[in-house]
$ cat my_file22.txt   # compact mmCIF, C-alpha atoms and all ligand atoms
# COMPACT_ATOMS: atom_id res chain seq x y z
CA MET U 261 0.00 0.00 0.00
CA ASN U 262 2.69 2.45 1.09
CA SER U 263 4.83 1.72 -1.93
CA ARG U 264 1.89 2.35 -4.27
CA ILE U 265 1.21 5.68 -2.63
CA GLU U 266 4.89 6.44 -2.97
CA ARG U 267 4.76 5.51 -6.66
CA ILE U 268 1.73 7.71 -7.25
CA ARG U 269 3.44 10.55 -5.43
CA GLN U 270 6.49 10.10 -7.64
CA LEU U 271 4.39 10.09 -10.82
CA LEU U 272 2.60 13.22 -9.68
CA GLY U 273 5.96 14.84 -9.05
CA GLU U 274 7.13 13.95 -12.53
CA LEU U 275 3.89 15.16 -14.06
CA GLU U 276 4.19 18.43 -12.19
CA ALA U 277 7.76 18.85 -13.38
CA GLU U 278 6.78 18.17 -16.98
CA THR U 279 4.04 20.77 -16.86
CA THR U 280 6.31 23.33 -15.22
CA ALA U 281 9.19 22.78 -17.60
CA PRO U 282 8.63 20.95 -20.88
CA ARG U 283 11.91 19.30 -21.76
CA GLY U 284 12.01 20.27 -25.42
CA ASP U 285 12.04 23.98 -24.67
CA LEU U 286 14.75 23.78 -22.05
CA GLY U 287 17.17 21.20 -23.35
CA PHE U 288 20.69 22.33 -24.12
CA SER U 289 22.82 20.99 -26.95
CA ALA U 290 26.36 19.70 -26.63
CA LEU U 291 27.53 22.63 -28.76
CA GLU U 292 26.35 25.07 -26.13
CA LEU U 293 28.23 23.36 -23.32
CA PRO U 294 31.67 25.02 -23.68
CA GLU U 295 30.01 28.44 -23.72
CA ILE U 296 27.86 27.63 -20.68
CA ILE U 297 30.83 26.24 -18.74
CA GLY U 298 32.77 29.43 -19.48
CA GLU U 299 29.90 31.53 -18.17
CA ILE U 300 29.61 29.46 -15.01
CA VAL U 301 33.30 30.02 -14.23
CA ASP U 302 33.17 33.73 -15.17
CA ASP U 303 29.79 34.85 -13.88
CA LEU U 304 28.42 32.35 -11.37
CA GLN U 305 31.32 30.87 -9.44
CA PRO U 306 32.66 34.23 -8.19
CA ILE U 307 29.34 34.92 -6.44
CA LEU U 308 29.14 31.47 -4.78
CA THR U 309 30.77 30.03 -1.68
CA ALA U 310 33.00 26.97 -2.11
CA TYR U 311 30.21 24.61 -0.98
CA ASP U 312 27.64 26.32 -3.23
CA ALA U 313 29.98 26.01 -6.20
CA ALA U 314 30.71 22.34 -5.56
CA PHE U 315 26.99 21.56 -5.28
CA TYR U 316 26.17 23.53 -8.41
CA TRP U 317 28.84 21.73 -10.45
CA PHE U 318 27.57 18.37 -9.18
CA LEU U 319 23.97 19.19 -10.13
CA PHE U 320 25.10 20.63 -13.48
CA ARG U 321 27.15 17.52 -14.27
CA HIS U 322 24.18 15.24 -13.64
CA SER U 323 21.66 17.32 -15.58
CA ILE U 324 22.67 19.68 -18.41
CA ALA U 325 26.14 18.16 -18.85
CA LYS U 326 24.72 14.64 -18.91
CA ASP U 327 21.99 14.88 -21.55
CA GLY U 328 21.08 18.54 -21.94
CA ASN U 329 18.10 18.24 -19.62
CA PRO U 330 18.26 20.85 -16.86
CA GLN U 331 16.10 18.78 -14.50
CA ILE U 332 17.56 16.54 -11.85
CA ARG U 333 16.04 14.56 -9.02
CA VAL U 334 18.46 14.25 -6.17
CA SER U 335 18.33 13.24 -2.53
CA ARG U 336 19.96 14.94 0.41
CA SER U 337 21.79 11.73 1.34
CA THR U 338 23.38 11.58 -2.13
CA LEU U 339 24.43 15.20 -1.87
CA ARG U 340 25.82 14.50 1.59
CA ARG U 341 28.29 11.89 0.46
CA ALA U 342 28.85 12.40 -3.28
CA VAL U 343 29.80 16.05 -3.71
CA VAL U 344 32.63 17.11 -1.41
CA LYS U 345 34.32 16.27 1.84
CA SER U 346 33.46 18.29 4.88
CA SER U 347 35.94 21.02 5.68
CA TYR U 348 35.74 20.00 9.34
CA THR U 349 38.36 17.31 9.75
CA ASP U 350 36.68 15.70 12.75
CA ALA U 351 33.38 15.12 10.93
CA ALA U 352 32.31 11.46 10.85
CA GLU U 353 33.59 9.82 7.62
CA ASN U 354 34.28 13.36 6.41
CA MET U 355 30.68 13.63 5.27
CA ILE U 356 28.99 16.98 5.37
CA SER U 357 25.97 17.36 7.63
CA PHE U 358 22.35 17.30 6.48
CA GLY U 359 22.17 20.86 7.77
CA LYS U 360 24.99 21.93 5.46
CA VAL U 361 23.29 20.23 2.49
CA GLN U 362 20.06 22.01 3.37
CA ASP U 363 21.78 25.40 3.77
CA THR U 364 23.69 25.02 0.51
CA LEU U 365 20.58 24.08 -1.49
CA ARG U 366 18.75 27.03 0.04
CA ALA U 367 21.61 29.38 -0.83
CA LEU U 368 21.61 28.14 -4.44
CA GLU U 369 17.84 28.60 -4.61
CA GLU U 370 18.10 32.13 -3.21
CA ILE U 371 20.71 33.15 -5.74
CA GLY U 372 18.50 31.64 -8.46
CA ALA U 373 20.98 28.98 -9.59
CA ILE U 374 18.55 26.15 -8.94
CA GLN U 375 14.78 25.98 -8.71
CA LYS U 376 12.76 23.43 -6.78
CA LEU U 377 10.14 21.89 -9.08
CA GLY U 378 8.20 19.66 -6.69
CA GLU U 379 7.91 18.13 -3.28
CA PRO U 380 10.45 15.47 -2.29
CA ASN U 381 9.74 11.76 -2.78
CA ARG U 382 11.88 8.73 -1.95
CA GLN U 383 14.25 9.42 -4.85
CA GLY U 384 14.79 12.95 -3.67
CA THR U 385 13.64 16.37 -4.80
CA LEU U 386 13.25 17.50 -8.39
CA TYR U 387 15.27 20.60 -9.25
CA ARG U 388 15.91 22.61 -12.35
CA VAL U 389 19.48 23.77 -12.83
CA LEU U 390 19.67 27.25 -14.33
CA ILE U 391 22.52 28.60 -16.42
CA PRO U 392 24.14 32.05 -15.87
CA ASP U 393 22.10 33.67 -18.68
CA GLU U 394 18.93 32.77 -16.72
CA ILE U 395 20.24 33.94 -13.34
CA GLU U 396 19.69 37.61 -12.60
CA ALA U 397 22.54 37.77 -10.08
CA CYS U 398 24.94 36.48 -12.76
CA ARG U 399 23.80 38.98 -15.34
CA LYS U 400 24.33 41.75 -12.80
CA PHE U 401 27.77 40.43 -11.86
CA ARG U 402 28.71 40.12 -15.54
CA ALA U 403 27.75 43.73 -16.22
CA GLU U 404 29.86 44.91 -13.26
CA ARG U 405 32.77 42.70 -14.26
CA MET U 406 32.73 43.95 -17.84
CA ALA U 407 32.52 47.59 -16.80
CA GLU U 408 35.50 47.05 -14.51
CA GLU U 409 37.50 45.24 -17.18
CA THR U 410 36.88 47.98 -19.70
CA GLU U 411 38.19 50.44 -17.15
CA LEU U 412 41.29 48.36 -16.36
CA PHE U 413 41.93 47.05 -19.86
CA PRO U 414 40.20 49.50 -22.20
CA LEU U 415 41.29 47.51 -25.25
CA SER U 416 40.03 44.09 -24.20
CA ASP U 417 36.46 44.57 -25.35
CA ASP U 418 34.76 43.20 -28.46
CA GLY U 419 35.82 46.22 -30.50
CA TRP U 420 39.45 45.46 -29.82
CA HIS U 421 38.96 41.82 -30.82
CA LYS U 422 37.45 42.92 -34.13
CA LYS U 423 40.22 45.42 -34.73
CA ARG U 424 42.91 42.78 -34.12
CA MET U 425 41.28 40.49 -36.67
CA GLN U 426 41.11 43.38 -39.17
CA VAL U 427 44.82 44.11 -38.70
CA PHE U 428 45.70 40.41 -39.11
CA GLU U 429 43.56 40.16 -42.26
CA ARG U 430 45.10 43.30 -43.73
CA ASP U 431 48.64 42.02 -43.08
CA GLY U 432 47.83 38.50 -44.32
CA TYR U 433 48.74 37.00 -40.94
CA LYS U 434 52.42 37.81 -41.59
CA CYS U 435 54.79 39.45 -39.13
CA ARG U 436 55.42 42.93 -40.49
CA LYS U 437 58.91 42.93 -38.94
CA CYS U 438 60.40 39.53 -39.83
CA GLU U 439 57.86 38.35 -42.47
CA LYS U 440 57.16 35.11 -40.62
CA GLN U 441 53.84 33.51 -41.57
CA LEU U 442 51.56 33.43 -38.55
CA THR U 443 48.07 32.19 -37.73
CA ARG U 444 45.15 33.64 -35.85
CA PHE U 445 46.52 31.94 -32.75
CA THR U 446 50.17 32.99 -33.02
CA ALA U 447 49.77 36.52 -34.40
CA THR U 448 50.04 39.47 -32.03
CA VAL U 449 49.36 43.14 -32.55
CA ASP U 450 51.99 45.80 -31.99
CA TYR U 451 51.95 49.59 -32.12
CA VAL U 452 53.85 51.46 -34.80
CA LYS U 453 54.14 54.39 -32.42
CA ALA U 454 53.80 53.43 -28.75
CA PRO U 455 50.60 54.77 -27.14
CA GLU U 456 52.77 56.53 -24.52
CA ASP U 457 53.93 58.87 -27.30
CA GLY U 458 50.38 60.10 -27.62
CA SER U 459 49.53 57.93 -30.62
CA ASP U 460 46.18 56.21 -30.92
CA ASP U 461 45.10 52.61 -31.33
CA SER U 462 43.59 53.12 -34.76
CA ALA U 463 44.22 50.37 -37.32
CA GLU U 464 46.84 52.55 -39.06
CA ASN U 465 48.93 52.58 -35.92
CA LEU U 466 48.71 48.80 -35.51
CA ILE U 467 50.71 46.06 -37.22
CA THR U 468 50.76 42.27 -37.09
CA THR U 469 53.88 40.90 -35.42
CA CYS U 470 55.09 37.55 -34.15
CA ALA U 471 55.51 37.18 -30.40
CA GLU U 472 59.32 37.54 -30.59
CA CYS U 473 59.28 40.75 -32.63
CA ASN U 474 56.56 42.12 -30.38
CA THR U 475 58.64 41.50 -27.23
CA ARG U 476 61.83 42.79 -28.86
CA GLY U 477 60.05 45.97 -29.86
CA ARG U 478 58.97 46.58 -26.32
CA THR U 479 62.43 46.07 -24.75
CA ASN U 480 63.94 48.56 -27.19
CA GLN U 481 61.55 51.28 -26.18
ZN ZN F 1 58.51 38.68 -36.36
$ encode --input "my_file22.txt" --output "structure tokens" --more "lines below"
Ligand SMILES: [Zn+2]
Amino acid sequence: MNSRIERIRQLLGELEAETTAPRGDLGFSALELPEIIGEIVDDLQPILTAYDAAFYWFLFRHSIAKDGNPQIRVSRSTLRRAVVKSSYTDAAENMISFGKVQDTLRALEEIGAIQKLGEPNRQGTLYRVLIPDEIEACRKFRAERMAEETELFPLSDDGWHKKRMQVFERDGYKCRKCEKQLTRFTATVDYVKAPEDGSDDSAENLITTCAECNTRGRTNQ
């Protein structure tokens, strides 16, 4: 009797999850994974604690990274032993406490990194794992990070990337100093007149160089 009720409860949970989040609309493709992983490291991890981050990566690995489906049903006892060791050395078997699991899940929910989709059953609770683009806190952090980077490294924005490619294309991916044939990955950009002399970073003031010529140029100045 109890197991049938449990089964019905589980089916209801699954049904609820399917209505809340139809899989087709939310699935991610393998091609998107590298991009998503980059965003997690850049925009989510810096706003998480070490435990939060470890839990998020575990949930991500068993949902989106497994088959593209952002939903995962997981139990507290699994999270207790399968994610990380407790940072308290005297903890029994180095497992983290149920309280810590609870707190970490709550923290991830509060930040918007995971979303609870139903009530727990014997297999655990159904969650949806969100990616940085869907998490408001990440979008905010990204905007702050990018504003800061533009201030610190004014040339490292998209415009600079485009300009580099233009300079490489114009010079045929050849070092303008030693004529060595380079590729997109080995080519560097150097100034004709150093910016300290008051010159600009317009394409006319930029040339393609190999790494050696670029370094040599700098030591001479
Ligand atoms: Zn060179």
$ closest_residue --input "my_file22.txt" --among "U:Thr446, U:Gln426, U:Ser462, U:Gln375" --to "ligand ZN 1 (chain F)" --atoms "all atoms listed in the file"
U:Thr446
$ atom_distance --input "my_file22.txt" --atom1 "atom ZN of ligand ZN 1 (chain F)" --atom2 "atom CA of U:Glu464"
18.3 Å
$ atom_distance --input "my_file22.txt" --atom1 "atom CA of U:Thr309" --atom2 "atom CA of U:Asp327"
26.5 Å
$ atom_distance --input "my_file22.txt" --atom1 "atom CA of U:Val427" --atom2 "atom CA of U:Thr443"
12.4 Å
$ residues_near_ligand --input "my_file22.txt" --ligand "ligand ZN 1 (chain F)" --cutoff "8 Å" --atoms "all atoms listed in the file" --output "NGL selection string"
:U and (435-440 or 469-474)
$ write_last_selection --input "my_file22.txt" --atoms "C-alpha atoms" --output "JSON list (two decimals), in the frame of the given file"
[["chain", "number", "residue", "atom", "x", "y", "z"],
["U", 435, "CYS", "CA", 54.79, 39.45, -39.13],
["U", 436, "ARG", "CA", 55.42, 42.93, -40.49],
["U", 437, "LYS", "CA", 58.91, 42.93, -38.94],
["U", 438, "CYS", "CA", 60.40, 39.53, -39.83],
["U", 439, "GLU", "CA", 57.86, 38.35, -42.47],
["U", 440, "LYS", "CA", 57.16, 35.11, -40.62],
["U", 469, "THR", "CA", 53.88, 40.90, -35.42],
["U", 470, "CYS", "CA", 55.09, 37.55, -34.15],
["U", 471, "ALA", "CA", 55.51, 37.18, -30.40],
["U", 472, "GLU", "CA", 59.32, 37.54, -30.59],
["U", 473, "CYS", "CA", 59.28, 40.75, -32.63],
["U", 474, "ASN", "CA", 56.56, 42.12, -30.38]]
$ residues_around --input "my_file22.txt" --residues "stretch 329-335 of chain U" --least-positions-apart "4" --cutoff "7 Å" --atoms "all atoms listed in the file" --output "PyMOL selection string"
chain U and resi 283+286-288+322-324+339+383-389
$ axis_aligned_box --input "my_file22.txt" --around "stretch 316-334 of chain U" --padding-each-side "3 Å" --output "JSON"
{"center_x": 22.4, "center_y": 18.9, "center_z": -14.1, "size_x": 18.8, "size_y": 15.3, "size_z": 21.8}
$ closest_residue --input "my_file22.txt" --among "U:Arg366, U:Lys453, U:Arg269, U:Arg341" --to "U:Tyr316" --atoms "all atoms listed in the file"
U:Arg366
$ closest_residue --input "my_file22.txt" --among "U:Ala325, U:Ala342, U:Ile391, U:Leu319" --to "U:Glu299" --atoms "all atoms listed in the file"
U:Ile391
$ residues_around --input "my_file22.txt" --residues "stretch 395-409 of chain U" --least-positions-apart "3" --cutoff "7 Å" --atoms "all atoms listed in the file" --output "JSON, numbers by chain"
{"U": [303, 304, 371, 372, 373, 390, 391, 392, 412, 413]}
$ decode --input "my_file22.txt" --residues "stretch 440-470 of chain U" --atoms "C-alpha atoms" --output "tab-separated table (two decimals), in the first residue's frame"
chain	number	residue	atom	x	y	z
U	440	LYS	CA	57.16	35.11	-40.62
U	441	GLN	CA	53.84	33.51	-41.57
U	442	LEU	CA	51.56	33.43	-38.55
U	443	THR	CA	48.07	32.19	-37.73
U	444	ARG	CA	45.15	33.64	-35.85
U	445	PHE	CA	46.52	31.94	-32.75
U	446	THR	CA	50.17	32.99	-33.02
U	447	ALA	CA	49.77	36.52	-34.40
U	448	THR	CA	50.04	39.47	-32.03
U	449	VAL	CA	49.36	43.14	-32.55
U	450	ASP	CA	51.99	45.80	-31.99
U	451	TYR	CA	51.95	49.59	-32.12
U	452	VAL	CA	53.85	51.46	-34.80
U	453	LYS	CA	54.14	54.39	-32.42
U	454	ALA	CA	53.80	53.43	-28.75
U	455	PRO	CA	50.60	54.77	-27.14
U	456	GLU	CA	52.77	56.53	-24.52
U	457	ASP	CA	53.93	58.87	-27.30
U	458	GLY	CA	50.38	60.10	-27.62
U	459	SER	CA	49.53	57.93	-30.62
U	460	ASP	CA	46.18	56.21	-30.92
U	461	ASP	CA	45.10	52.61	-31.33
U	462	SER	CA	43.59	53.12	-34.76
U	463	ALA	CA	44.22	50.37	-37.32
U	464	GLU	CA	46.84	52.55	-39.06
U	465	ASN	CA	48.93	52.58	-35.92
U	466	LEU	CA	48.71	48.80	-35.51
U	467	ILE	CA	50.71	46.06	-37.22
U	468	THR	CA	50.76	42.27	-37.09
U	469	THR	CA	53.88	40.90	-35.42
U	470	CYS	CA	55.09	37.55	-34.15
